[in-house]
$ cat run-v3.txt   # compact mmCIF, C-alpha atoms
# COMPACT_ATOMS: atom_id res chain seq x y z
CA MET A 1 17.41 11.87 17.65
CA THR A 2 15.69 10.52 20.76
CA GLN A 3 12.26 11.94 19.99
CA PRO A 4 9.43 9.41 20.41
CA LEU A 5 7.87 7.95 17.28
CA ILE A 6 4.27 8.92 16.63
CA PHE A 7 1.92 6.08 15.72
CA TYR A 8 -1.41 7.12 14.15
CA PHE A 9 -4.05 4.43 13.77
CA ASP A 10 -7.79 3.90 13.36
CA PHE A 11 -9.46 1.35 15.63
CA SER A 12 -11.25 -0.05 12.56
CA SER A 13 -8.02 -0.62 10.60
CA PRO A 14 -6.70 -4.20 10.31
CA TYR A 15 -3.25 -2.98 9.29
CA GLY A 16 -3.33 -0.57 12.24
CA TYR A 17 -4.06 -3.53 14.51
CA LEU A 18 -1.19 -5.56 13.03
CA ALA A 19 1.17 -2.59 13.48
CA SER A 20 0.00 -2.04 17.08
CA THR A 21 1.37 -5.45 18.06
CA ARG A 22 4.87 -4.61 16.77
CA ILE A 23 5.56 -0.88 16.90
CA ASP A 24 6.69 -0.56 20.53
CA ALA A 25 9.21 -3.40 20.15
CA LEU A 26 10.62 -1.88 16.96
CA ALA A 27 10.99 1.53 18.60
CA ALA A 28 12.46 0.11 21.83
CA LYS A 29 15.13 -1.72 19.83
CA HIS A 30 16.34 1.72 18.76
CA GLY A 31 15.91 3.39 22.13
CA ARG A 32 12.72 5.18 21.19
CA ASP A 33 9.37 5.59 22.87
CA VAL A 34 6.06 5.58 20.95
CA ILE A 35 3.20 8.06 21.26
CA TRP A 36 -0.08 6.43 20.20
CA LYS A 37 -2.70 8.60 18.51
CA PRO A 38 -6.01 7.13 17.34
CA ILE A 39 -7.54 8.93 14.38
CA LEU A 40 -10.86 8.76 12.56
CA LEU A 41 -10.17 7.68 8.98
CA GLY A 42 -13.67 8.74 7.95
CA VAL A 43 -12.72 12.35 8.69
CA ALA A 44 -9.38 12.03 6.84
CA PHE A 45 -11.19 10.51 3.84
CA LYS A 46 -13.32 13.67 3.59
CA THR A 47 -10.07 15.58 2.99
CA THR A 48 -8.59 13.11 0.54
CA GLY A 49 -11.82 12.11 -1.21
CA GLN A 50 -11.04 8.44 -0.62
CA THR A 51 -13.45 5.57 -0.14
CA PRO A 52 -12.95 3.10 2.72
CA LEU A 53 -10.81 0.25 1.38
CA PRO A 54 -13.40 -2.54 1.80
CA MET A 55 -15.90 -0.55 -0.32
CA VAL A 56 -13.58 -0.09 -3.33
CA PRO A 57 -14.44 -2.56 -6.12
CA LEU A 58 -11.74 -5.24 -6.72
CA LYS A 59 -9.39 -3.60 -4.18
CA GLY A 60 -11.88 -4.32 -1.38
CA ASP A 61 -11.95 -8.06 -2.13
CA TYR A 62 -8.18 -8.18 -2.41
CA SER A 63 -7.79 -6.31 0.86
CA ARG A 64 -10.01 -8.67 2.85
CA HIS A 65 -7.84 -11.51 1.55
CA ASP A 66 -4.65 -9.59 2.31
CA PHE A 67 -5.63 -8.68 5.91
CA ALA A 68 -5.74 -12.35 6.92
CA ARG A 69 -2.75 -13.36 4.81
CA SER A 70 -0.60 -10.51 6.19
CA ALA A 71 -1.58 -11.51 9.74
CA ARG A 72 -0.52 -15.11 9.00
CA TYR A 73 2.69 -13.89 7.37
CA HIS A 74 3.61 -11.90 10.50
CA GLY A 75 2.35 -14.58 12.89
CA ILE A 76 -0.28 -12.31 14.44
CA ALA A 77 -3.65 -13.71 15.55
CA PHE A 78 -6.49 -12.13 13.54
CA ARG A 79 -10.14 -12.74 12.82
CA GLN A 80 -12.07 -10.71 10.24
CA PRO A 81 -14.78 -8.88 12.26
CA THR A 82 -18.40 -9.51 11.22
CA VAL A 83 -19.22 -5.80 11.20
CA PHE A 84 -16.50 -4.05 9.20
CA PRO A 85 -15.48 -1.29 8.90
CA ILE A 86 -16.86 0.52 11.95
CA ALA A 87 -16.99 4.11 13.18
CA SER A 88 -14.29 4.47 15.80
CA GLN A 89 -15.42 7.46 17.88
CA ALA A 90 -16.17 5.46 21.05
CA PRO A 91 -12.80 3.68 21.39
CA SER A 92 -10.91 6.83 20.31
CA ARG A 93 -12.65 8.95 22.93
CA ALA A 94 -12.02 6.35 25.63
CA PHE A 95 -8.36 6.39 24.64
CA TYR A 96 -7.91 10.17 24.73
CA TRP A 97 -9.79 10.42 28.03
CA LEU A 98 -7.52 7.86 29.70
CA ASN A 99 -4.42 9.21 27.94
CA GLU A 100 -4.67 12.49 29.85
CA ARG A 101 -4.47 10.49 33.09
CA ASP A 102 -2.04 7.67 32.24
CA ALA A 103 -0.47 7.28 28.78
CA GLU A 104 0.69 3.70 29.46
CA ALA A 105 -2.77 2.63 30.61
CA ALA A 106 -4.24 4.27 27.50
CA LYS A 107 -1.92 2.20 25.28
CA GLN A 108 -2.97 -0.92 27.17
CA LEU A 109 -6.63 0.02 26.64
CA ALA A 110 -5.96 0.49 22.91
CA ARG A 111 -4.41 -2.98 22.74
CA GLU A 112 -7.41 -4.49 24.56
CA LEU A 113 -9.85 -2.67 22.27
CA TYR A 114 -8.00 -3.87 19.17
CA ARG A 115 -7.98 -7.42 20.50
CA ALA A 116 -11.71 -7.24 21.28
CA TYR A 117 -12.46 -6.14 17.72
CA PHE A 118 -9.97 -8.21 15.73
CA LEU A 119 -9.93 -11.38 17.81
CA ASP A 120 -13.20 -11.61 19.74
CA ASP A 121 -15.46 -9.97 17.11
CA VAL A 122 -16.72 -7.38 19.62
CA ASN A 123 -18.15 -4.33 17.85
CA ILE A 124 -16.28 -1.63 19.76
CA SER A 125 -18.11 1.10 17.84
CA ASN A 126 -20.87 0.50 20.41
CA PRO A 127 -20.13 2.69 23.44
CA SER A 128 -21.34 -0.11 25.74
CA ASP A 129 -18.80 -2.54 24.23
CA THR A 130 -15.97 -0.05 24.58
CA VAL A 131 -17.02 0.51 28.22
CA ALA A 132 -17.07 -3.26 28.82
CA VAL A 133 -13.53 -3.67 27.47
CA ALA A 134 -12.34 -0.80 29.69
CA ALA A 135 -14.12 -2.31 32.69
CA ARG A 136 -12.28 -5.62 32.19
CA MET A 137 -9.06 -3.60 32.59
CA GLY A 138 -10.31 -2.42 36.00
CA LEU A 139 -11.54 1.00 34.90
CA ASP A 140 -14.79 2.29 36.40
CA PRO A 141 -17.55 1.69 33.83
CA ALA A 142 -19.60 4.70 34.94
CA GLN A 143 -16.58 6.97 34.56
CA VAL A 144 -15.74 5.62 31.10
CA GLU A 145 -19.34 5.95 29.98
CA ALA A 146 -19.44 9.54 31.21
CA ALA A 147 -16.16 10.26 29.38
CA LEU A 148 -17.61 9.02 26.07
CA ASN A 149 -20.36 11.64 26.36
CA ASP A 150 -18.16 14.42 27.73
CA PRO A 151 -18.01 17.39 25.31
CA VAL A 152 -14.42 18.07 26.44
CA VAL A 153 -13.34 14.53 25.51
CA LYS A 154 -15.21 14.76 22.20
CA GLU A 155 -13.50 18.05 21.44
CA LYS A 156 -10.07 16.66 22.40
CA THR A 157 -10.58 13.72 20.02
CA LYS A 158 -11.71 16.04 17.21
CA THR A 159 -8.68 18.29 17.77
CA GLU A 160 -6.27 15.34 17.65
CA VAL A 161 -7.80 14.06 14.42
CA GLU A 162 -7.64 17.52 12.81
CA ALA A 163 -4.04 17.97 13.97
CA ALA A 164 -3.14 14.60 12.42
CA ILE A 165 -4.70 15.52 9.08
CA ALA A 166 -2.91 18.89 9.21
CA LYS A 167 0.34 16.91 9.51
CA GLY A 168 -0.57 14.95 6.37
CA VAL A 169 -1.94 11.77 7.94
CA PHE A 170 -4.29 10.09 5.44
CA GLY A 171 -4.20 6.40 6.38
CA SER A 172 -3.66 3.81 9.10
CA PRO A 173 -1.14 2.93 10.33
CA TYR A 174 0.85 6.10 9.74
CA PHE A 175 4.10 6.89 11.54
CA LEU A 176 6.31 9.89 12.07
CA ILE A 177 9.96 9.28 12.94
CA ASP A 178 11.16 12.76 13.75
CA HIS A 179 9.60 14.45 10.70
CA GLU A 180 9.80 11.49 8.33
CA PRO A 181 6.40 9.97 7.41
CA PHE A 182 5.80 6.25 6.83
CA TRP A 183 2.45 4.80 5.82
CA GLY A 184 1.54 1.17 6.25
CA MET A 185 2.53 -1.98 8.09
CA ASP A 186 4.63 -2.70 5.00
CA ARG A 187 6.99 0.20 5.72
CA PHE A 188 8.39 -1.45 8.87
CA ASP A 189 11.48 -2.54 6.91
CA GLN A 190 12.18 1.04 5.82
CA MET A 191 11.43 2.34 9.34
CA GLU A 192 13.87 -0.15 10.80
CA ARG A 193 16.64 1.12 8.52
CA TRP A 194 15.66 4.75 9.15
CA LEU A 195 15.85 4.21 12.91
CA ALA A 196 19.21 2.45 12.62
CA LEU A 197 20.86 4.96 10.28
CA GLY A 198 18.90 8.18 10.94
CA GLY A 199 17.90 8.29 7.27
CA PHE A 200 18.92 6.74 3.93
CA MET B 1 3.62 -25.56 -9.26
CA THR B 2 5.81 -24.59 -12.22
CA GLN B 3 3.36 -22.18 -13.79
CA PRO B 4 4.94 -18.82 -14.68
CA LEU B 5 4.16 -15.82 -12.48
CA ILE B 6 2.10 -13.09 -14.08
CA PHE B 7 3.37 -9.54 -13.60
CA TYR B 8 0.87 -6.76 -14.35
CA PHE B 9 2.21 -3.21 -14.50
CA ASP B 10 1.48 0.24 -15.88
CA PHE B 11 4.30 2.04 -17.68
CA SER B 12 3.46 5.16 -15.67
CA SER B 13 3.77 3.42 -12.28
CA PRO B 14 6.92 4.06 -10.21
CA TYR B 15 6.28 0.99 -8.05
CA GLY B 16 5.75 -1.01 -11.26
CA TYR B 17 9.15 0.20 -12.47
CA LEU B 18 10.82 -0.77 -9.17
CA ALA B 19 9.21 -4.23 -9.33
CA SER B 20 10.26 -4.68 -12.97
CA THR B 21 13.92 -4.58 -11.92
CA ARG B 22 13.48 -7.42 -9.43
CA ILE B 23 10.65 -9.76 -10.41
CA ASP B 24 12.50 -12.02 -12.86
CA ALA B 25 15.31 -12.69 -10.35
CA LEU B 26 12.80 -13.50 -7.59
CA ALA B 27 10.91 -15.91 -9.85
CA ALA B 28 14.09 -17.53 -11.23
CA LYS B 29 15.28 -18.25 -7.69
CA HIS B 30 12.23 -20.46 -7.36
CA GLY B 31 12.44 -21.99 -10.83
CA ARG B 32 9.65 -19.86 -12.27
CA ASP B 33 9.31 -17.82 -15.41
CA VAL B 34 7.48 -14.46 -15.53
CA ILE B 35 4.87 -13.34 -18.04
CA TRP B 36 4.81 -9.53 -18.30
CA LYS B 37 1.51 -7.81 -18.98
CA PRO B 38 1.29 -4.03 -19.23
CA ILE B 39 -2.09 -2.61 -18.22
CA LEU B 40 -3.73 0.82 -18.39
CA LEU B 41 -4.44 1.92 -14.82
CA GLY B 42 -6.73 4.66 -16.12
CA VAL B 43 -9.09 1.97 -17.43
CA ALA B 44 -8.91 -0.01 -14.17
CA PHE B 45 -9.65 3.17 -12.19
CA LYS B 46 -12.92 3.56 -14.11
CA THR B 47 -13.95 0.19 -12.62
CA THR B 48 -12.77 0.90 -9.09
CA GLY B 49 -13.66 4.62 -9.01
CA GLN B 50 -10.13 5.44 -7.84
CA THR B 51 -8.15 8.59 -8.48
CA PRO B 52 -4.53 8.37 -9.71
CA LEU B 53 -2.30 8.32 -6.63
CA PRO B 54 -0.45 11.60 -7.33
CA MET B 55 -3.78 13.47 -7.54
CA VAL B 56 -5.07 12.33 -4.12
CA PRO B 57 -4.68 15.12 -1.51
CA LEU B 58 -2.07 14.28 1.20
CA LYS B 59 -1.56 10.76 -0.19
CA GLY B 60 -0.20 12.21 -3.44
CA ASP B 61 2.50 14.24 -1.64
CA TYR B 62 3.42 11.29 0.52
CA SER B 63 3.63 9.03 -2.51
CA ARG B 64 6.00 11.28 -4.44
CA HIS B 65 8.25 11.24 -1.37
CA ASP B 66 7.87 7.47 -1.00
CA PHE B 67 8.68 6.67 -4.68
CA ALA B 68 12.19 8.11 -4.34
CA ARG B 69 12.73 6.80 -0.80
CA SER B 70 11.62 3.27 -1.77
CA ALA B 71 13.98 3.37 -4.77
CA ARG B 72 16.87 4.37 -2.45
CA TYR B 73 15.86 1.69 0.04
CA HIS B 74 16.02 -0.99 -2.64
CA GLY B 75 19.11 0.48 -4.30
CA ILE B 76 17.34 1.12 -7.61
CA ALA B 77 18.18 4.19 -9.73
CA PHE B 78 15.14 6.46 -10.07
CA ARG B 79 14.33 9.99 -11.14
CA GLN B 80 10.86 11.50 -10.73
CA PRO B 81 9.67 12.24 -14.29
CA THR B 82 8.75 15.85 -15.08
CA VAL B 83 5.46 14.82 -16.70
CA PHE B 84 3.71 12.42 -14.32
CA PRO B 85 1.54 10.42 -14.46
CA ILE B 86 1.22 9.72 -18.20
CA ALA B 87 -1.15 7.79 -20.43
CA SER B 88 0.58 4.55 -21.30
CA GLN B 89 -1.15 3.41 -24.51
CA ALA B 90 1.90 3.90 -26.76
CA PRO B 91 4.42 1.83 -24.74
CA SER B 92 1.77 -0.82 -23.97
CA ARG B 93 0.88 -1.23 -27.64
CA ALA B 94 4.55 -1.44 -28.62
CA PHE B 95 4.97 -4.15 -25.99
CA TYR B 96 2.00 -6.28 -27.09
CA TRP B 97 2.97 -5.93 -30.76
CA LEU B 98 6.51 -7.18 -30.10
CA ASN B 99 5.32 -9.79 -27.59
CA GLU B 100 3.50 -11.73 -30.33
CA ARG B 101 6.83 -12.04 -32.15
CA ASP B 102 9.35 -12.45 -29.32
CA ALA B 103 8.35 -12.43 -25.64
CA GLU B 104 11.94 -11.97 -24.40
CA ALA B 105 12.50 -9.00 -26.71
CA ALA B 106 9.20 -7.50 -25.50
CA LYS B 107 10.40 -7.74 -21.87
CA GLN B 108 13.64 -6.08 -22.89
CA LEU B 109 11.67 -3.31 -24.61
CA ALA B 110 9.59 -2.85 -21.46
CA ARG B 111 12.76 -2.47 -19.39
CA GLU B 112 14.14 0.10 -21.86
CA LEU B 113 10.86 2.03 -21.87
CA TYR B 114 10.76 2.07 -18.05
CA ARG B 115 14.37 3.25 -17.94
CA ALA B 116 13.65 5.97 -20.50
CA TYR B 117 10.75 7.26 -18.40
CA PHE B 118 12.10 6.82 -14.85
CA LEU B 119 15.79 7.54 -15.45
CA ASP B 120 16.09 9.71 -18.58
CA ASP B 121 12.84 11.67 -18.16
CA VAL B 122 11.64 10.71 -21.65
CA ASN B 123 7.87 11.09 -21.97
CA ILE B 124 7.08 7.67 -23.44
CA SER B 125 3.39 8.55 -23.73
CA ASN B 126 4.46 10.27 -26.98
CA PRO B 127 4.38 7.65 -29.74
CA SER B 128 7.54 9.19 -31.26
CA ASP B 129 9.43 8.70 -27.98
CA THR B 130 8.28 5.10 -27.65
CA VAL B 131 9.38 4.52 -31.27
CA ALA B 132 12.79 6.09 -30.54
CA VAL B 133 13.34 3.80 -27.53
CA ALA B 134 12.42 0.76 -29.65
CA ALA B 135 14.71 1.93 -32.45
CA ARG B 136 17.66 2.10 -30.04
CA MET B 137 17.03 -1.62 -29.41
CA GLY B 138 17.44 -2.28 -33.13
CA LEU B 139 13.75 -2.45 -34.02
CA ASP B 140 12.63 -0.85 -37.29
CA PRO B 141 11.10 2.55 -36.42
CA ALA B 142 8.67 2.50 -39.34
CA GLN B 143 7.37 -0.92 -38.26
CA VAL B 144 6.95 0.16 -34.63
CA GLU B 145 5.17 3.35 -35.66
CA ALA B 146 2.81 1.37 -37.88
CA ALA B 147 2.14 -1.06 -35.00
CA LEU B 148 1.12 1.80 -32.68
CA ASN B 149 -1.59 2.76 -35.17
CA ASP B 150 -2.63 -0.77 -36.08
CA PRO B 151 -6.25 -1.46 -35.04
CA VAL B 152 -5.34 -5.10 -34.36
CA VAL B 153 -2.62 -4.05 -31.90
CA LYS B 154 -4.96 -1.53 -30.27
CA GLU B 155 -7.60 -4.22 -29.88
CA LYS B 156 -5.07 -6.73 -28.47
CA THR B 157 -3.99 -4.16 -25.84
CA LYS B 158 -7.59 -3.37 -24.93
CA THR B 159 -8.40 -7.08 -24.59
CA GLU B 160 -5.39 -7.67 -22.32
CA VAL B 161 -6.38 -4.76 -20.06
CA GLU B 162 -9.98 -5.95 -19.85
CA ALA B 163 -8.84 -9.51 -19.09
CA ALA B 164 -6.61 -8.20 -16.30
CA ILE B 165 -9.46 -6.23 -14.72
CA ALA B 166 -11.71 -9.29 -15.05
CA LYS B 167 -9.09 -11.18 -13.01
CA GLY B 168 -9.30 -8.49 -10.31
CA VAL B 169 -6.22 -6.40 -11.19
CA PHE B 170 -6.71 -2.87 -9.83
CA GLY B 171 -3.16 -1.55 -9.31
CA SER B 172 0.47 -1.71 -10.36
CA PRO B 173 2.49 -3.81 -9.77
CA TYR B 174 0.08 -6.72 -9.35
CA PHE B 175 1.17 -10.34 -9.43
CA LEU B 176 -0.47 -13.73 -9.74
CA ILE B 177 1.40 -16.74 -8.39
CA ASP B 178 -0.76 -19.59 -9.61
CA HIS B 179 -4.08 -18.08 -8.49
CA GLU B 180 -2.77 -16.10 -5.51
CA PRO B 181 -2.85 -12.31 -6.00
CA PHE B 182 -0.24 -9.92 -4.59
CA TRP B 183 -0.43 -6.15 -5.00
CA GLY B 184 2.55 -3.86 -4.61
CA MET B 185 6.33 -3.84 -4.53
CA ASP B 186 5.93 -4.23 -0.76
CA ARG B 187 4.50 -7.76 -1.11
CA PHE B 188 7.81 -9.18 -2.38
CA ASP B 189 8.51 -10.60 1.09
CA GLN B 190 5.20 -12.45 1.13
CA MET B 191 5.69 -13.58 -2.49
CA GLU B 192 9.11 -14.94 -1.60
CA ARG B 193 7.64 -17.08 1.19
CA TRP B 194 4.71 -18.13 -1.00
CA LEU B 195 7.08 -19.28 -3.75
CA ALA B 196 9.26 -21.15 -1.25
CA LEU B 197 6.42 -22.90 0.61
CA GLY B 198 3.61 -22.95 -1.96
CA GLY B 199 1.41 -21.01 0.46
CA PHE B 200 1.26 -20.02 4.13
$ encode --input "run-v3.txt" --output "structure tokens"
Amino acid sequence: MTQPLIFYFDFSSPYGYLASTRIDALAAKHGRDVIWKPILLGVAFKTTGQTPLPMVPLKGDYSRHDFARSARYHGIAFRQPTVFPIASQAPSRAFYWLNERDAEAAKQLARELYRAYFLDDVNISNPSDTVAVAARMGLDPAQVEAALNDPVVKEKTKTEVEAAIAKGVFGSPYFLIDHEPFWGMDRFDQMERWLALGGF
Amino acid sequence: MTQPLIFYFDFSSPYGYLASTRIDALAAKHGRDVIWKPILLGVAFKTTGQTPLPMVPLKGDYSRHDFARSARYHGIAFRQPTVFPIASQAPSRAFYWLNERDAEAAKQLARELYRAYFLDDVNISNPSDTVAVAARMGLDPAQVEAALNDPVVKEKTKTEVEAAIAKGVFGSPYFLIDHEPFWGMDRFDQMERWLALGGF
């Protein structure tokens, strides 16, 4: 019962961003670590036949309203990005590249990338913007840029995304506590009880 | 600020059923009444291009697991119906027919229909099963059966569903507090704060 939680998220996902600001504290409260795993929702949607939320009629309009309202409800700073949604290959590759060297630094990079996108309106789907965010953290821009084009890093990212889908991941945020799946920022209440009681 | 809440739901929706057991108490706590409005998600899905949740790969399996877990979390009795999802014309028409006569009795019928489907595994998409549930409440079975085939009742139901979609309703449960929309059993926490503060 001391396995780390797994936190799957897409860098383009507002609810993933909201969850990213809270998941480590929730897990720590129950003596758990968190493994972060960016995914590419576009690839998952090919499996499930889903349309990105903002493109669904009616639901898309509601969602844009709900992103900001949910952020206010939870007291999390949020600004709707101008370009939305975005392809999240560049930030995901940067993450998995750094993760092989230093998992804590990779988490910190993910937080900075999320903040750049959802607070500063930086389009992190551009490799140059992802590199700039990494550089501000003190990482070598040339190395990060090389990593984004490295076939090994691309393959690693692809493998992680496929492994996530094979485990049933279809959305963001998506969590595994031991083998129990939870989808959505709005399952934090159930996760809290699950962590406290080991099930219910 | 004393307008009734509007509660949209589909008789085939597990989250709609869960919400139906709680919404009147939540509203009453804040001095509000609730207007119940059954909808036909199948019709809404034609507008949004969505697939019924249980049919979506990965998401469908997760959802079936989440229905039962969410019911346990909230302490609400629930049994996954054998036939699921179902077309909900018959119970919706029975509701709108009775609603024109007695709104409180119509709510009570809705509760009984939900219980029949989600506790007793009665397939309320069959007109005869909807009639039987209504008869147990003391309604005249011949009158209810006639209502289900009455073109005026069919038209009233269709009009209500179209009006809901025109207001942006795309899922179940869906709520309007004044003009503020909330989708899902998992927005009760936000609704509670909205009712208390009149916004946030």
$ closest_residue --input "run-v3.txt" --among "B:Val131, B:Gln3, B:Ala90, B:Lys37" --to "Glu160 in chain B" --atoms "only C-alpha atoms"
B:Lys37
$ atom_distance --input "run-v3.txt" --atom1 "CA of Pro85 in chain A" --atom2 "CA of Pro54 in chain A"
7.5 Å
$ residues_near_point --input "run-v3.txt" --point "(-10.1, 10.2, 31.3)" --cutoff "8 Å" --atoms "only C-alpha atoms" --output "ChimeraX atom specification"
/A:94-101,143-144,147,153
$ closest_residue --input "run-v3.txt" --among "A:His179, A:Arg115, A:His65, A:Lys156" --to "Ser12 in chain A" --atoms "only C-alpha atoms"
A:Arg115
$ residues_near_point --input "run-v3.txt" --point "(7.8, -3.2, 5.4)" --cutoff "10 Å" --atoms "all atoms listed in the file" --output "ChimeraX atom specification"
/A:182-192 /B:186-189
$ closest_atom_pairs --input "run-v3.txt" --of "chain A" --to "chain B" --cutoff "8 Å" --atoms "only C-alpha atoms" --output "Markdown table"
| residue | atom | partner | partner_atom | distance |
| --- | --- | --- | --- | --- |
| A:Thr47 | CA | B:Pro57 | CA | 7.0 |
| A:Thr48 | CA | B:Pro57 | CA | 4.9 |
| A:Gly49 | CA | B:Val56 | CA | 7.4 |
| A:Gln50 | CA | B:Gln50 | CA | 7.9 |
| A:Val56 | CA | B:Thr48 | CA | 5.9 |
| A:Pro57 | CA | B:Thr48 | CA | 4.9 |
| A:Leu58 | CA | B:Gly168 | CA | 5.4 |
| A:Lys59 | CA | B:Phe170 | CA | 6.3 |
| A:Tyr62 | CA | B:Pro181 | CA | 7.6 |
| A:Arg69 | CA | B:Phe200 | CA | 7.8 |
| A:Ser70 | CA | B:Gln190 | CA | 7.9 |
| A:Arg72 | CA | B:Phe200 | CA | 7.1 |
| A:Tyr73 | CA | B:Gln190 | CA | 6.9 |
| A:Gly168 | CA | B:Leu58 | CA | 5.4 |
| A:Val169 | CA | B:Leu58 | CA | 7.2 |
| A:Phe170 | CA | B:Lys59 | CA | 6.3 |
| A:Pro181 | CA | B:Tyr62 | CA | 7.6 |
| A:Asp186 | CA | B:Asp186 | CA | 6.1 |
| A:Arg187 | CA | B:Asp186 | CA | 7.9 |
| A:Gln190 | CA | B:Tyr73 | CA | 6.9 |
| A:Phe200 | CA | B:Tyr73 | CA | 7.1 |
$ atom_distance --input "run-v3.txt" --atom1 "CA of Ser13 in chain A" --atom2 "CA of Ile35 in chain A"
17.7 Å
$ axis_aligned_box --input "run-v3.txt" --around "range 1-6 of chain A" --padding-each-side "3 Å" --output "JSON"
{"center_x": 10.8, "center_y": 9.9, "center_z": 18.7, "size_x": 19.1, "size_y": 10.0, "size_z": 10.1}
$ residues_around --input "run-v3.txt" --residues "Pro173 in chain A" --least-positions-apart "6" --cutoff "6 Å" --atoms "only C-alpha atoms" --output "MDAnalysis selection string"
chainID A and resid 8:9 16 184
$ closest_residue --input "run-v3.txt" --among "A:Leu119, A:Ile6, A:Val133, A:Ala71" --to "Pro38 in chain A" --atoms "all atoms listed in the file"
A:Ile6
$ atom_distance --input "run-v3.txt" --atom1 "CA of Arg64 in chain A" --atom2 "CA of Leu41 in chain B"
21.3 Å
$ decode --input "run-v3.txt" --residues "range 134-147 of chain B" --atoms "N, CA, C and O atoms" --output "mmCIF file, in the first residue's frame"
data_model
loop_
_atom_site.group_PDB
_atom_site.id
_atom_site.type_symbol
_atom_site.label_atom_id
_atom_site.label_comp_id
_atom_site.auth_asym_id
_atom_site.auth_seq_id
_atom_site.Cartn_x
_atom_site.Cartn_y
_atom_site.Cartn_z
ATOM 1 N N ALA B 134 -46.113 3.390 -12.417
ATOM 2 C CA ALA B 134 -47.094 4.448 -12.145
ATOM 3 C C ALA B 134 -48.298 3.884 -11.394
ATOM 4 O O ALA B 134 -48.820 4.521 -10.468
ATOM 5 N N ALA B 135 -48.708 2.689 -11.769
ATOM 6 C CA ALA B 135 -49.879 2.061 -11.129
ATOM 7 C C ALA B 135 -49.599 1.800 -9.650
ATOM 8 O O ALA B 135 -50.477 1.973 -8.804
ATOM 9 N N ARG B 136 -48.376 1.402 -9.330
ATOM 10 C CA ARG B 136 -48.016 1.160 -7.922
ATOM 11 C C ARG B 136 -48.137 2.428 -7.084
ATOM 12 O O ARG B 136 -48.289 2.375 -5.872
ATOM 13 N N MET B 137 -48.033 3.593 -7.780
ATOM 14 C CA MET B 137 -48.184 4.887 -7.085
ATOM 15 C C MET B 137 -49.656 5.264 -6.921
ATOM 16 O O MET B 137 -49.972 6.318 -6.375
ATOM 17 N N GLY B 138 -50.544 4.447 -7.502
ATOM 18 C CA GLY B 138 -51.975 4.732 -7.381
ATOM 19 C C GLY B 138 -52.566 5.402 -8.612
ATOM 20 O O GLY B 138 -53.740 5.770 -8.626
ATOM 21 N N LEU B 139 -51.737 5.571 -9.655
ATOM 22 C CA LEU B 139 -52.267 6.161 -10.890
ATOM 23 C C LEU B 139 -53.027 5.086 -11.675
ATOM 24 O O LEU B 139 -52.734 3.897 -11.560
ATOM 25 N N ASP B 140 -53.999 5.533 -12.471
ATOM 26 C CA ASP B 140 -54.830 4.608 -13.244
ATOM 27 C C ASP B 140 -54.038 4.086 -14.448
ATOM 28 O O ASP B 140 -53.656 4.859 -15.330
ATOM 29 N N PRO B 141 -53.778 2.774 -14.503
ATOM 30 C CA PRO B 141 -52.931 2.235 -15.579
ATOM 31 C C PRO B 141 -53.470 2.543 -16.977
ATOM 32 O O PRO B 141 -52.681 2.839 -17.886
ATOM 33 N N ALA B 142 -54.770 2.488 -17.143
ATOM 34 C CA ALA B 142 -55.339 2.743 -18.476
ATOM 35 C C ALA B 142 -55.057 4.193 -18.908
ATOM 36 O O ALA B 142 -54.720 4.460 -20.067
ATOM 37 N N GLN B 143 -55.169 5.105 -17.940
ATOM 38 C CA GLN B 143 -54.908 6.526 -18.236
ATOM 39 C C GLN B 143 -53.441 6.745 -18.590
ATOM 40 O O GLN B 143 -53.119 7.495 -19.506
ATOM 41 N N VAL B 144 -52.539 6.108 -17.843
ATOM 42 C CA VAL B 144 -51.104 6.277 -18.107
ATOM 43 C C VAL B 144 -50.766 5.692 -19.483
ATOM 44 O O VAL B 144 -50.054 6.316 -20.272
ATOM 45 N N GLU B 145 -51.314 4.528 -19.767
ATOM 46 C CA GLU B 145 -51.045 3.890 -21.063
ATOM 47 C C GLU B 145 -51.535 4.782 -22.209
ATOM 48 O O GLU B 145 -50.845 4.958 -23.216
ATOM 49 N N ALA B 146 -52.702 5.348 -22.033
ATOM 50 C CA ALA B 146 -53.249 6.242 -23.064
ATOM 51 C C ALA B 146 -52.340 7.462 -23.231
ATOM 52 O O ALA B 146 -52.064 7.909 -24.358
ATOM 53 N N ALA B 147 -51.832 7.975 -22.113
ATOM 54 C CA ALA B 147 -50.960 9.166 -22.159
ATOM 55 C C ALA B 147 -49.693 8.875 -22.963
ATOM 56 O O ALA B 147 -49.224 9.714 -23.740
#
